[in-house]
$ cat data_22.cif   # mmCIF, C-alpha atoms
data_protein
loop_
_atom_site.label_atom_id
_atom_site.label_comp_id
_atom_site.auth_asym_id
_atom_site.auth_seq_id
_atom_site.Cartn_x
_atom_site.Cartn_y
_atom_site.Cartn_z
CA MET Z 8 -49.83 74.37 52.15
CA SER Z 9 -50.66 70.71 52.57
CA ALA Z 10 -53.25 69.54 55.05
CA PRO Z 11 -51.90 68.75 58.52
CA ALA Z 12 -50.89 65.12 58.92
CA PRO Z 13 -53.24 62.98 61.03
CA LYS Z 14 -52.22 62.73 64.66
CA VAL Z 15 -50.44 59.56 65.66
CA ASP Z 16 -51.33 58.09 69.02
CA CYS Z 17 -48.72 57.26 71.65
CA GLU Z 18 -49.47 53.56 71.65
CA ALA Z 19 -48.82 53.21 67.91
CA LEU Z 20 -45.65 55.28 68.15
CA PHE Z 21 -44.54 53.10 71.06
CA ARG Z 22 -44.87 49.97 68.92
CA TYR Z 23 -43.08 51.59 66.00
CA VAL Z 24 -40.16 52.79 68.12
CA LEU Z 25 -39.88 49.31 69.64
CA ARG Z 26 -39.55 47.85 66.12
CA LEU Z 27 -36.60 50.09 65.41
CA GLY Z 28 -35.03 49.51 68.80
CA ASP Z 29 -35.45 45.73 68.67
CA LEU Z 30 -33.80 45.52 65.25
CA SER Z 31 -30.72 47.27 66.64
CA LEU Z 32 -30.75 45.35 69.91
CA VAL Z 33 -31.05 41.88 68.38
CA LEU Z 34 -28.46 42.55 65.68
CA GLY Z 35 -26.10 44.06 68.25
CA GLN Z 36 -26.47 41.01 70.46
CA ARG Z 37 -25.81 38.73 67.48
CA LEU Z 38 -22.64 40.59 66.52
CA GLY Z 39 -21.46 40.40 70.11
CA GLU Z 40 -21.22 36.62 69.70
CA TRP Z 41 -18.17 37.20 67.48
CA VAL Z 42 -16.15 38.78 70.27
CA GLY Z 43 -13.14 36.54 70.82
CA HIS Z 44 -14.03 34.37 67.81
CA SER Z 45 -13.44 36.62 64.78
CA PRO Z 46 -11.08 35.62 61.97
CA ALA Z 47 -8.64 38.37 62.99
CA LEU Z 48 -8.20 40.85 65.81
CA GLU Z 49 -9.17 43.75 63.53
CA GLU Z 50 -12.49 42.09 62.73
CA ASP Z 51 -13.07 41.33 66.39
CA LEU Z 52 -12.72 45.06 67.07
CA GLY Z 53 -14.74 46.05 64.04
CA LEU Z 54 -17.72 43.81 64.76
CA ALA Z 55 -17.64 44.63 68.48
CA ASN Z 56 -17.61 48.36 67.74
CA ILE Z 57 -20.58 48.04 65.39
CA ALA Z 58 -22.38 45.98 68.04
CA LEU Z 59 -21.69 48.72 70.58
CA ASP Z 60 -23.15 51.40 68.29
CA LEU Z 61 -26.24 49.24 67.74
CA ILE Z 62 -26.73 48.71 71.46
CA GLY Z 63 -26.36 52.48 71.87
CA GLN Z 64 -29.16 53.04 69.33
CA ALA Z 65 -31.28 50.45 71.10
CA ARG Z 66 -30.80 52.22 74.45
CA LEU Z 67 -32.00 55.54 73.07
CA LEU Z 68 -34.94 53.96 71.26
CA LEU Z 69 -36.08 51.68 74.09
CA THR Z 70 -35.80 54.52 76.61
CA TYR Z 71 -38.04 56.62 74.36
CA ALA Z 72 -40.45 53.71 73.84
CA GLY Z 73 -40.73 53.27 77.61
CA GLU Z 74 -41.58 56.95 78.04
CA LEU Z 75 -44.21 56.77 75.29
CA GLU Z 76 -45.79 53.77 76.93
CA GLY Z 77 -45.87 55.54 80.29
CA ARG Z 78 -46.01 52.41 82.42
CA GLY Z 79 -42.65 52.82 84.06
CA ARG Z 80 -40.68 50.43 81.86
CA ASP Z 81 -37.17 51.71 81.19
CA GLU Z 82 -34.63 50.49 78.61
CA ASP Z 83 -33.51 47.62 80.85
CA LYS Z 84 -37.02 46.38 81.63
CA LEU Z 85 -37.89 46.46 77.94
CA ALA Z 86 -34.71 44.65 76.90
CA TYR Z 87 -34.49 42.08 79.66
CA LEU Z 88 -38.06 41.30 80.62
CA ARG Z 89 -39.98 41.03 77.38
CA GLU Z 90 -40.77 37.62 75.96
CA GLN Z 91 -40.15 36.59 72.39
CA GLY Z 92 -43.67 37.46 71.19
CA ALA Z 93 -43.27 41.03 72.44
CA TYR Z 94 -40.15 41.61 70.33
CA PHE Z 95 -40.89 43.36 67.04
CA ASN Z 96 -37.68 43.15 65.04
CA ALA Z 97 -37.68 41.93 61.44
CA ILE Z 98 -36.40 38.37 61.61
CA LEU Z 99 -33.39 38.99 59.36
CA ALA Z 100 -31.64 40.46 62.42
CA GLU Z 101 -31.97 37.26 64.46
CA GLN Z 102 -30.63 34.89 61.78
CA PRO Z 103 -27.50 33.05 62.95
CA ASN Z 104 -24.02 34.44 62.33
CA GLY Z 105 -23.00 31.44 60.23
CA ASP Z 106 -19.55 31.92 58.75
CA PHE Z 107 -17.93 35.36 58.45
CA GLY Z 108 -19.43 35.78 54.98
CA GLN Z 109 -22.95 35.18 56.27
CA THR Z 110 -22.46 37.74 59.03
CA ILE Z 111 -21.16 40.27 56.51
CA VAL Z 112 -24.06 39.72 54.09
CA ARG Z 113 -26.62 40.16 56.89
CA GLN Z 114 -24.77 43.28 57.97
CA VAL Z 115 -24.69 44.86 54.51
CA LEU Z 116 -28.42 44.23 54.04
CA ILE Z 117 -29.35 45.78 57.39
CA ASP Z 118 -26.76 48.59 57.34
CA ALA Z 119 -28.06 49.78 53.97
CA PHE Z 120 -31.63 49.57 55.30
CA GLN Z 121 -30.82 51.57 58.43
CA LEU Z 122 -28.87 54.12 56.39
CA GLU Z 123 -31.76 54.83 54.03
CA LEU Z 124 -34.36 54.71 56.80
CA TYR Z 125 -32.51 56.90 59.30
CA GLU Z 126 -31.59 59.50 56.68
CA ARG Z 127 -35.31 59.99 56.15
CA LEU Z 128 -36.32 59.60 59.80
CA ALA Z 129 -34.01 62.52 60.56
CA ALA Z 130 -36.78 64.65 59.01
CA SER Z 131 -39.51 63.04 61.12
CA ARG Z 132 -42.21 65.22 62.64
CA ASP Z 133 -41.38 63.51 65.90
CA GLU Z 134 -38.43 65.54 67.20
CA ARG Z 135 -37.06 62.88 69.50
CA LEU Z 136 -37.06 60.22 66.79
CA ALA Z 137 -35.51 62.70 64.36
CA ALA Z 138 -32.70 63.46 66.82
CA ILE Z 139 -31.97 59.77 67.44
CA ALA Z 140 -31.96 59.05 63.69
CA ALA Z 141 -29.74 62.03 62.87
CA LYS Z 142 -27.26 60.92 65.49
CA SER Z 143 -27.32 57.24 64.52
CA VAL Z 144 -27.09 57.67 60.76
CA LYS Z 145 -23.60 59.11 61.08
CA GLU Z 146 -22.46 55.88 62.69
CA VAL Z 147 -24.39 53.64 60.31
CA ARG Z 148 -22.41 55.14 57.39
CA TYR Z 149 -19.29 53.65 58.92
CA HIS Z 150 -21.01 50.33 59.51
CA LEU Z 151 -21.90 50.10 55.84
CA ARG Z 152 -18.44 51.27 54.85
CA TYR Z 153 -17.01 48.38 56.84
CA SER Z 154 -19.49 45.70 55.77
CA SER Z 155 -19.66 46.63 52.07
CA ASP Z 156 -15.87 46.80 51.91
CA TRP Z 157 -15.73 43.25 53.24
CA LEU Z 158 -18.48 42.01 50.93
CA VAL Z 159 -16.51 43.28 47.92
CA ARG Z 160 -13.36 41.60 49.21
CA LEU Z 161 -15.19 38.30 49.72
CA GLY Z 162 -17.29 38.37 46.56
CA ASP Z 163 -14.45 39.55 44.34
CA GLY Z 164 -11.92 37.40 46.19
CA THR Z 165 -11.11 33.71 45.82
CA ALA Z 166 -13.42 31.11 44.31
CA GLU Z 167 -14.11 29.84 47.84
CA SER Z 168 -14.93 33.25 49.35
CA HIS Z 169 -17.07 34.13 46.33
CA ALA Z 170 -19.05 30.89 46.58
CA ARG Z 171 -19.63 31.37 50.31
CA ALA Z 172 -20.69 35.00 49.95
CA GLN Z 173 -23.13 34.08 47.16
CA ALA Z 174 -24.55 31.19 49.22
CA ALA Z 175 -25.06 33.54 52.20
CA LEU Z 176 -26.77 36.09 49.96
CA ASP Z 177 -29.10 33.41 48.54
CA LEU Z 178 -29.87 32.22 52.06
CA LEU Z 179 -30.63 35.62 53.59
CA TRP Z 180 -32.18 37.47 50.66
CA PRO Z 181 -35.76 36.18 51.21
CA TYR Z 182 -35.78 37.76 54.69
CA THR Z 183 -35.24 41.23 53.26
CA VAL Z 184 -38.84 41.19 52.04
CA GLU Z 185 -40.06 41.84 55.57
CA LEU Z 186 -37.99 45.02 55.95
CA PHE Z 187 -40.05 46.69 53.22
CA ALA Z 188 -43.44 45.02 53.61
CA ALA Z 189 -45.53 47.90 54.93
CA ASP Z 190 -48.29 46.92 57.35
CA ASP Z 191 -50.93 49.09 59.05
CA LEU Z 192 -48.45 50.45 61.57
CA ASP Z 193 -45.89 51.41 58.89
CA ARG Z 194 -48.62 53.12 56.87
CA GLN Z 195 -49.94 54.96 59.92
CA MET Z 196 -46.43 56.27 60.65
CA ALA Z 197 -45.90 57.35 57.04
CA ASP Z 198 -49.30 59.06 56.86
CA GLY Z 199 -48.61 60.84 60.14
CA GLY Z 200 -45.27 62.22 58.92
CA ILE Z 201 -43.38 60.18 61.52
CA ALA Z 202 -41.64 57.81 59.13
CA PRO Z 203 -40.96 57.64 55.37
CA GLN Z 204 -42.90 55.41 52.99
CA LEU Z 205 -41.19 52.02 53.02
CA SER Z 206 -41.51 51.82 49.23
CA GLU Z 207 -39.27 54.89 48.97
CA VAL Z 208 -36.74 53.34 51.37
CA HIS Z 209 -36.86 50.14 49.33
CA CYS Z 210 -36.00 51.95 46.09
CA ALA Z 211 -33.00 53.69 47.61
CA TRP Z 212 -31.86 50.51 49.37
CA SER Z 213 -32.18 48.50 46.20
CA ALA Z 214 -29.99 50.88 44.18
CA ARG Z 215 -27.34 50.93 46.87
CA ILE Z 216 -27.32 47.14 47.23
CA ASP Z 217 -27.11 46.68 43.43
CA ALA Z 218 -24.03 48.88 43.28
CA ILE Z 219 -22.33 46.93 46.07
CA LEU Z 220 -23.24 43.53 44.58
CA CYS Z 221 -21.99 44.62 41.16
CA GLU Z 222 -18.61 45.56 42.59
CA ALA Z 223 -18.58 42.34 44.61
CA THR Z 224 -19.36 40.33 41.43
CA LEU Z 225 -22.31 38.73 43.23
CA LYS Z 226 -25.67 37.92 41.67
CA ARG Z 227 -28.77 39.52 43.13
CA PRO Z 228 -31.28 36.76 43.98
CA ALA Z 229 -34.80 37.01 42.64
CA ASP Z 230 -37.48 38.49 44.92
CA ARG Z 231 -40.04 35.93 45.96
CA PRO Z 232 -43.09 36.68 48.05
CA HIS Z 233 -42.73 35.61 51.66
CA ALA Z 234 -44.83 36.41 54.68
CA TRP Z 235 -42.63 36.96 57.70
CA HIS Z 236 -44.14 38.52 60.78
CA GLY Z 237 -41.26 39.34 63.09
CA LYS Z 238 -42.51 42.94 63.11
CA ARG Z 239 -45.71 41.60 64.67
CA GLY Z 240 -43.92 39.34 67.16
CA GLN Z 241 -43.89 36.05 65.25
CA HIS Z 242 -40.26 34.98 65.13
CA SER Z 243 -38.00 32.24 63.85
CA GLU Z 244 -36.74 29.65 66.32
CA HIS Z 245 -33.50 31.61 66.72
CA LEU Z 246 -34.77 34.58 68.75
CA GLY Z 247 -35.61 32.48 71.81
CA TYR Z 248 -31.99 31.36 72.15
CA ILE Z 249 -30.72 34.93 71.83
CA LEU Z 250 -33.11 36.13 74.54
CA ALA Z 251 -32.31 33.17 76.80
CA GLU Z 252 -28.67 34.20 76.84
CA MET Z 253 -29.27 37.94 76.96
CA GLN Z 254 -31.95 37.84 79.65
CA TYR Z 255 -30.56 35.05 81.82
CA LEU Z 256 -28.98 37.23 84.49
CA GLN Z 257 -31.89 39.66 84.94
CA ARG Z 258 -34.38 36.83 85.10
CA THR Z 259 -32.33 34.79 87.57
CA TYR Z 260 -31.40 37.76 89.75
CA PRO Z 261 -34.16 40.34 89.22
CA ASP Z 262 -32.96 43.96 89.51
CA ALA Z 263 -29.32 42.86 89.81
CA ARG Z 264 -26.92 45.82 89.47
CA TRP Z 265 -23.19 46.14 88.93
CA MET J 252 -41.36 81.82 87.62
CA SER J 253 -43.31 83.58 90.35
CA TYR J 254 -41.57 86.65 91.59
CA VAL J 255 -42.66 88.97 94.40
CA ASN J 256 -41.28 92.44 93.98
CA SER J 257 -40.86 93.71 97.51
CA GLY J 258 -38.17 96.40 97.08
CA SER J 259 -37.91 99.58 95.08
CA ASP J 260 -37.15 99.47 91.35
CA GLU J 261 -33.54 100.55 91.86
CA GLN J 262 -32.93 97.89 94.43
CA THR J 263 -34.35 95.24 92.12
CA LYS J 264 -32.18 96.45 89.29
CA ALA J 265 -29.09 96.29 91.50
CA GLU J 266 -30.02 92.83 92.69
CA ARG J 267 -30.51 91.66 89.13
CA ALA J 268 -27.13 93.05 88.08
CA ALA J 269 -25.46 91.33 91.04
CA ALA J 270 -27.19 88.05 90.22
CA ALA J 271 -26.10 88.31 86.58
CA ARG J 272 -22.49 89.00 87.65
CA ASN J 273 -22.63 86.06 90.00
CA ALA J 274 -24.06 83.78 87.30
CA ALA J 275 -21.40 84.88 84.80
CA ALA J 276 -18.67 84.18 87.35
CA ARG J 277 -20.06 80.70 88.01
CA VAL J 278 -20.23 79.94 84.29
CA ALA J 279 -16.64 81.13 83.78
CA THR J 280 -15.43 79.00 86.71
CA ALA J 281 -17.30 75.99 85.34
CA TRP J 282 -15.65 76.36 81.90
CA GLN J 283 -12.24 76.51 83.61
CA LEU J 284 -12.96 73.36 85.59
CA LEU J 285 -14.35 71.55 82.52
CA ALA J 286 -11.17 72.37 80.58
CA SER J 287 -9.31 70.21 83.09
CA VAL J 288 -11.54 67.15 82.58
CA GLU J 289 -9.64 64.65 80.44
CA ASP J 290 -11.23 62.38 77.91
CA PRO J 291 -10.93 58.86 79.38
CA GLU J 292 -9.85 57.33 76.06
CA ILE J 293 -7.52 60.10 74.87
CA PRO J 294 -6.19 61.74 78.05
CA ALA J 295 -4.14 64.23 76.04
CA LEU J 296 -7.38 66.05 75.25
CA SER J 297 -9.93 67.72 77.49
CA ILE J 298 -13.64 67.35 76.88
CA VAL J 299 -13.66 71.04 75.90
CA ASP J 300 -11.00 70.39 73.21
CA LEU J 301 -13.23 67.61 71.85
CA GLY J 302 -16.25 69.90 71.69
CA LEU J 303 -18.29 67.68 74.01
CA VAL J 304 -19.46 70.59 76.19
CA ARG J 305 -22.33 72.15 74.30
CA PHE J 306 -23.26 74.87 76.79
CA VAL J 307 -22.93 76.07 80.36
CA ASP J 308 -25.89 78.14 81.61
CA VAL J 309 -27.48 79.25 84.82
CA ASP J 310 -31.21 78.60 84.74
CA PRO J 311 -33.80 80.91 86.39
CA ASP J 312 -33.88 78.71 89.49
CA GLY J 313 -30.18 79.32 90.00
CA ALA J 314 -28.94 75.86 88.99
CA LEU J 315 -25.89 75.72 86.76
CA GLU J 316 -26.54 73.43 83.79
CA VAL J 317 -23.83 71.73 81.71
CA GLY J 318 -24.90 70.24 78.37
CA LEU J 319 -22.79 67.29 77.21
CA SER J 320 -22.93 65.60 73.80
CA PRO J 321 -22.04 61.92 73.48
CA THR J 322 -19.56 61.21 70.66
CA TYR J 323 -20.99 57.81 69.68
CA VAL J 324 -24.32 56.52 71.01
CA GLY J 325 -22.83 53.35 72.50
CA CYS J 326 -19.57 54.86 73.71
CA PRO J 327 -18.89 53.56 77.24
CA ALA J 328 -16.81 56.68 77.91
CA THR J 329 -20.01 58.75 78.01
CA GLU J 330 -20.87 57.62 81.54
CA VAL J 331 -17.27 58.05 82.71
CA ILE J 332 -17.19 61.59 81.31
CA ARG J 333 -20.43 62.45 83.05
CA ARG J 334 -19.04 61.30 86.39
CA SER J 335 -15.73 63.10 85.81
CA VAL J 336 -17.64 66.32 85.15
CA GLN J 337 -19.61 65.90 88.37
CA ASP J 338 -16.41 65.18 90.31
CA ALA J 339 -14.72 68.25 88.83
CA LEU J 340 -17.61 70.64 89.50
CA ARG J 341 -18.63 69.47 92.97
CA PRO J 342 -15.74 70.96 94.98
CA GLY J 343 -15.23 73.81 92.50
CA GLY J 344 -17.49 76.50 93.97
CA VAL J 345 -20.01 76.69 91.14
CA GLY J 346 -22.96 76.03 93.45
CA ASN J 347 -25.68 73.53 92.64
CA PHE J 348 -25.49 72.12 89.13
CA LYS J 349 -26.87 69.48 86.80
CA VAL J 350 -25.45 67.67 83.79
CA THR J 351 -27.73 67.25 80.78
CA ASN J 352 -27.33 64.91 77.82
CA VAL J 353 -27.65 66.79 74.51
CA LEU J 354 -28.58 64.56 71.58
CA SER J 355 -29.49 67.17 69.01
CA PRO J 356 -27.70 68.52 67.10
CA ALA J 357 -25.61 65.36 66.95
CA TRP J 358 -21.97 65.74 67.94
CA SER J 359 -19.62 66.25 65.02
CA SER J 360 -15.86 65.86 64.73
CA ASP J 361 -16.00 69.36 63.20
CA TRP J 362 -16.40 70.61 66.78
CA ILE J 363 -12.92 69.47 67.83
CA SER J 364 -10.97 72.70 68.41
CA SER J 365 -7.80 73.54 66.49
CA ASP J 366 -5.96 73.14 69.79
CA GLY J 367 -7.56 69.70 70.11
CA ARG J 368 -6.47 68.72 66.60
CA ARG J 369 -2.87 69.71 67.36
CA LYS J 370 -2.93 67.69 70.60
CA LEU J 371 -4.35 64.66 68.79
CA LEU J 372 -1.54 64.70 66.24
CA GLU J 373 1.09 65.11 68.98
CA TYR J 374 -0.48 62.13 70.72
CA GLY J 375 -0.04 60.06 67.54
CA ILE J 376 -3.63 60.11 66.29
CA VAL J 377 -4.32 61.72 62.92
CA PRO J 378 -7.07 64.31 63.48
CA PRO J 379 -10.26 64.23 61.40
CA ASP J 380 -10.66 66.27 58.27
CA ASN J 381 -11.62 69.84 58.97
CA SER J 382 -15.10 69.42 57.65
CA VAL J 383 -17.52 66.54 57.54
CA SER J 384 -19.07 68.22 54.54
CA ASN J 385 -16.35 67.16 52.13
CA MET J 386 -17.58 63.58 52.70
CA ARG J 387 -14.16 62.07 52.01
CA ASP J 388 -14.84 59.50 54.66
CA VAL J 389 -18.34 58.53 53.86
CA LEU J 390 -18.88 55.10 52.39
CA ARG J 391 -16.36 53.27 50.31
CA GLY J 392 -13.23 54.92 49.14
CA THR J 393 -9.65 55.36 50.17
CA ARG J 394 -8.17 57.95 52.43
CA ARG J 395 -4.65 59.25 51.96
CA LEU J 396 -3.22 60.02 55.34
CA ALA J 397 0.26 61.08 56.35
CA CYS J 398 1.88 58.93 59.03
CA PRO J 399 1.94 60.95 62.27
CA ARG J 400 5.46 59.67 63.01
CA CYS J 401 7.45 59.82 59.76
CA ARG J 402 5.03 61.92 57.63
CA SER J 403 5.15 59.42 54.80
CA LEU J 404 2.06 59.31 52.59
CA ASP J 405 2.66 55.63 51.86
CA THR J 406 0.02 54.40 54.32
CA GLU J 407 -2.88 51.96 54.21
CA THR J 408 -6.16 51.35 56.04
CA VAL J 409 -6.15 48.23 58.19
CA SER J 410 -9.65 48.49 59.65
CA GLU J 411 -12.50 50.98 59.86
CA PHE J 412 -12.60 50.46 63.61
CA GLY J 413 -9.68 50.78 66.00
CA SER J 414 -9.50 50.60 69.76
CA THR J 415 -12.66 52.74 69.99
CA PRO J 416 -15.53 53.33 67.55
CA CYS J 417 -14.32 56.88 66.84
CA LYS J 418 -11.00 55.76 65.36
CA ALA J 419 -9.90 53.77 62.29
CA LEU J 420 -6.73 51.69 62.23
CA HIS J 421 -4.02 52.49 59.67
CA ARG J 422 -0.47 51.38 58.98
CA CYS J 423 2.52 53.19 57.58
CA ARG J 424 4.34 51.22 54.89
CA ALA J 425 7.46 53.40 55.21
CA CYS J 426 8.17 53.15 58.95
CA LEU J 427 5.93 50.07 59.44
CA GLU J 428 4.26 51.57 62.51
CA PRO J 429 0.49 51.30 63.00
CA PHE J 430 -1.42 54.48 63.79
CA GLU J 431 -4.99 55.59 64.36
CA TYR J 432 -7.15 58.11 62.56
CA PHE J 433 -9.92 59.98 64.33
CA LYS J 434 -12.82 59.53 61.92
CA CYS J 435 -14.88 62.34 60.49
CA ILE J 436 -18.42 62.11 61.79
#
$ encode --input "data_22.cif" --output "structure tokens"
Amino acid sequence: MSAPAPKVDCEALFRYVLRLGDLSLVLGQRLGEWVGHSPALEEDLGLANIALDLIGQARLLLTYAGELEGRGRDEDKLAYLREQGAYFNAILAEQPNGDFGQTIVRQVLIDAFQLELYERLAASRDERLAAIAAKSVKEVRYHLRYSSDWLVRLGDGTAESHARAQAALDLLWPYTVELFAADDLDRQMADGGIAPQLSEVHCAWSARIDAILCEATLKRPADRPHAWHGKRGQHSEHLGYILAEMQYLQRTYPDARW
Amino acid sequence: MSYVNSGSDEQTKAERAAAARNAAARVATAWQLLASVEDPEIPALSIVDLGLVRFVDVDPDGALEVGLSPTYVGCPATEVIRRSVQDALRPGGVGNFKVTNVLSPAWSSDWISSDGRRKLLEYGIVPPDNSVSNMRDVLRGTRRLACPRCRSLDTETVSEFGSTPCKALHRCRACLEPFEYFKCI
């Protein structure tokens, strides 16, 4: 038998769960911007449904984070009343929608990440996190099915759609580095049996992305070192605008209810 | 639970048996009432047909507890279903009750009853495969579905997401009608 994993304190777990929840929340909010503007009704429904699933994940995760923190913040307080520096999502999620191809590339990159991460989190020593991951991963499979199907259609489509998909991939690829750059918190979670090693997630993600890009006839950009710190609360200029729109009502009319 | 035994053993035994009978009757009534609660998105099916009711129990304090599983984590119907359950149970004579959200194990389309699958098809929605485990649906690949109207196998997928997250949109090339498929999850 292996030695028992070191105990993880509530405060660290709180920050880790926020990271996961914020990734889903910010991406869900971004996808919501497509509602009424998608290229076709089917894509309007598809993107809105994925956004809804992501907001659902965020609700479960932020509720749990609030309980771990124990200072009476619920999902709404955490979503609507935190400032930019207290958001811990990787900054890939907050990058603008761009054209449809850019949205699809961002979605494939994050869907594949969530799929590989959640599959492993389902075996977490933390039962609540395991339950949330096991539930969410079923939905994420359909997100990736949708997004990868579109990436293949765009990449292996016309010269125009191929060029746009490749440009979006080149633009967004550098941000993927942050998803797998393990910091102290990631290592603490892995050592404590709460979360998988990010290197392991990276390997699985990489293989899955290669297969999709191959079918899409797109070229995988080279990895270059970058230091992004969205997971520590240092964001791109885009997050502020997302929060301004998302938080406007609760900040203008505190505790407003339907 | 603290329990003060004030009567004789026989009396206690009789009381316990009566309490158990009473609890069983309440649980049976609750199941009957729940079978009449329609799904807000697919009113042809009850929440029992869909396998959303995980358990009905009476806890030691005498409260009846109903465990409900959400289908999808962001599904807006979850709140509506919860309220419908409360509305159905309140006047129904099951005594005091509470509704609990059950996250684990995660709801699966495998839990839709055979009756539920028949009702789905009659309603015009192709029911999910019988088992998630065959993975036909997972990740890229095609699904061959028979049109629920004309039975033709000449059908195509239009979108992975239909009017709700739980359904995909398909089209029949023979009769040209669109139809939905309840996804395996």
$ atom_distance --input "data_22.cif" --atom1 "CA of Tyr255 in chain Z" --atom2 "CA of Asp60 in chain Z"
22.5 Å
$ interface_residues --input "data_22.cif" --of "chain Z" --to "chain J" --cutoff "7 Å" --atoms "all atoms listed in the file" --output "PyMOL selection string"
chain Z and resi 49+52-53+56+59-60+62-64+138+141-142+145+148-149+151-153+156
$ resolve_selection --input "data_22.cif" --expression "the PyMOL selection byres ((chain J and resi 371-381) around 7)" --output "CSV table (one decimal) with C-alpha atoms, in the frame of the given file"
chain,number,residue,atom,x,y,z
J,295,ALA,CA,-4.1,64.2,76.0
J,360,SER,CA,-15.9,65.9,64.7
J,361,ASP,CA,-16.0,69.4,63.2
J,367,GLY,CA,-7.6,69.7,70.1
J,368,ARG,CA,-6.5,68.7,66.6
J,369,ARG,CA,-2.9,69.7,67.4
J,370,LYS,CA,-2.9,67.7,70.6
J,382,SER,CA,-15.1,69.4,57.6
J,383,VAL,CA,-17.5,66.5,57.5
J,399,PRO,CA,1.9,61.0,62.3
J,430,PHE,CA,-1.4,54.5,63.8
J,431,GLU,CA,-5.0,55.6,64.4
J,432,TYR,CA,-7.2,58.1,62.6
J,433,PHE,CA,-9.9,60.0,64.3
J,434,LYS,CA,-12.8,59.5,61.9
J,435,CYS,CA,-14.9,62.3,60.5
$ resolve_selection --input "data_22.cif" --expression "the PyMOL selection byres ((chain Z and resi 175) around 10)" --output "PDB file with C-alpha atoms, in the frame of the given file"
ATOM      1  CA  GLY Z 105     -23.000  31.440  60.230  1.00  0.00           C
ATOM      2  CA  ASP Z 106     -19.550  31.920  58.750  1.00  0.00           C
ATOM      3  CA  PHE Z 107     -17.930  35.360  58.450  1.00  0.00           C
ATOM      4  CA  GLY Z 108     -19.430  35.780  54.980  1.00  0.00           C
ATOM      5  CA  GLN Z 109     -22.950  35.180  56.270  1.00  0.00           C
ATOM      6  CA  THR Z 110     -22.460  37.740  59.030  1.00  0.00           C
ATOM      7  CA  ILE Z 111     -21.160  40.270  56.510  1.00  0.00           C
ATOM      8  CA  VAL Z 112     -24.060  39.720  54.090  1.00  0.00           C
ATOM      9  CA  ARG Z 113     -26.620  40.160  56.890  1.00  0.00           C
ATOM     10  CA  HIS Z 169     -17.070  34.130  46.330  1.00  0.00           C
ATOM     11  CA  ALA Z 170     -19.050  30.890  46.580  1.00  0.00           C
ATOM     12  CA  ARG Z 171     -19.630  31.370  50.310  1.00  0.00           C
ATOM     13  CA  ALA Z 172     -20.690  35.000  49.950  1.00  0.00           C
ATOM     14  CA  GLN Z 173     -23.130  34.080  47.160  1.00  0.00           C
ATOM     15  CA  ALA Z 174     -24.550  31.190  49.220  1.00  0.00           C
ATOM     16  CA  LEU Z 176     -26.770  36.090  49.960  1.00  0.00           C
ATOM     17  CA  ASP Z 177     -29.100  33.410  48.540  1.00  0.00           C
ATOM     18  CA  LEU Z 178     -29.870  32.220  52.060  1.00  0.00           C
ATOM     19  CA  LEU Z 179     -30.630  35.620  53.590  1.00  0.00           C
ATOM     20  CA  TRP Z 180     -32.180  37.470  50.660  1.00  0.00           C
TER      21      TRP Z 180
END
$ resolve_selection --input "data_22.cif" --expression "the PyMOL selection byres ((chain J and resi 287) around 9)" --output "list in words"
Trp282, Gln283, Leu284, Leu285, Ala286, Val288, Glu289, Ser297, Ile298, Val299 and Ala339 of chain J
$ residues_around --input "data_22.cif" --residues "Arg22 in chain Z" --least-positions-apart "2" --cutoff "12 Å" --atoms "only C-alpha atoms" --output "NGL selection string"
:Z and (15-20 or 24-29 or 68-69 or 71-76 or 85 or 93-96 or 191-193 or 195-196 or 238-240)
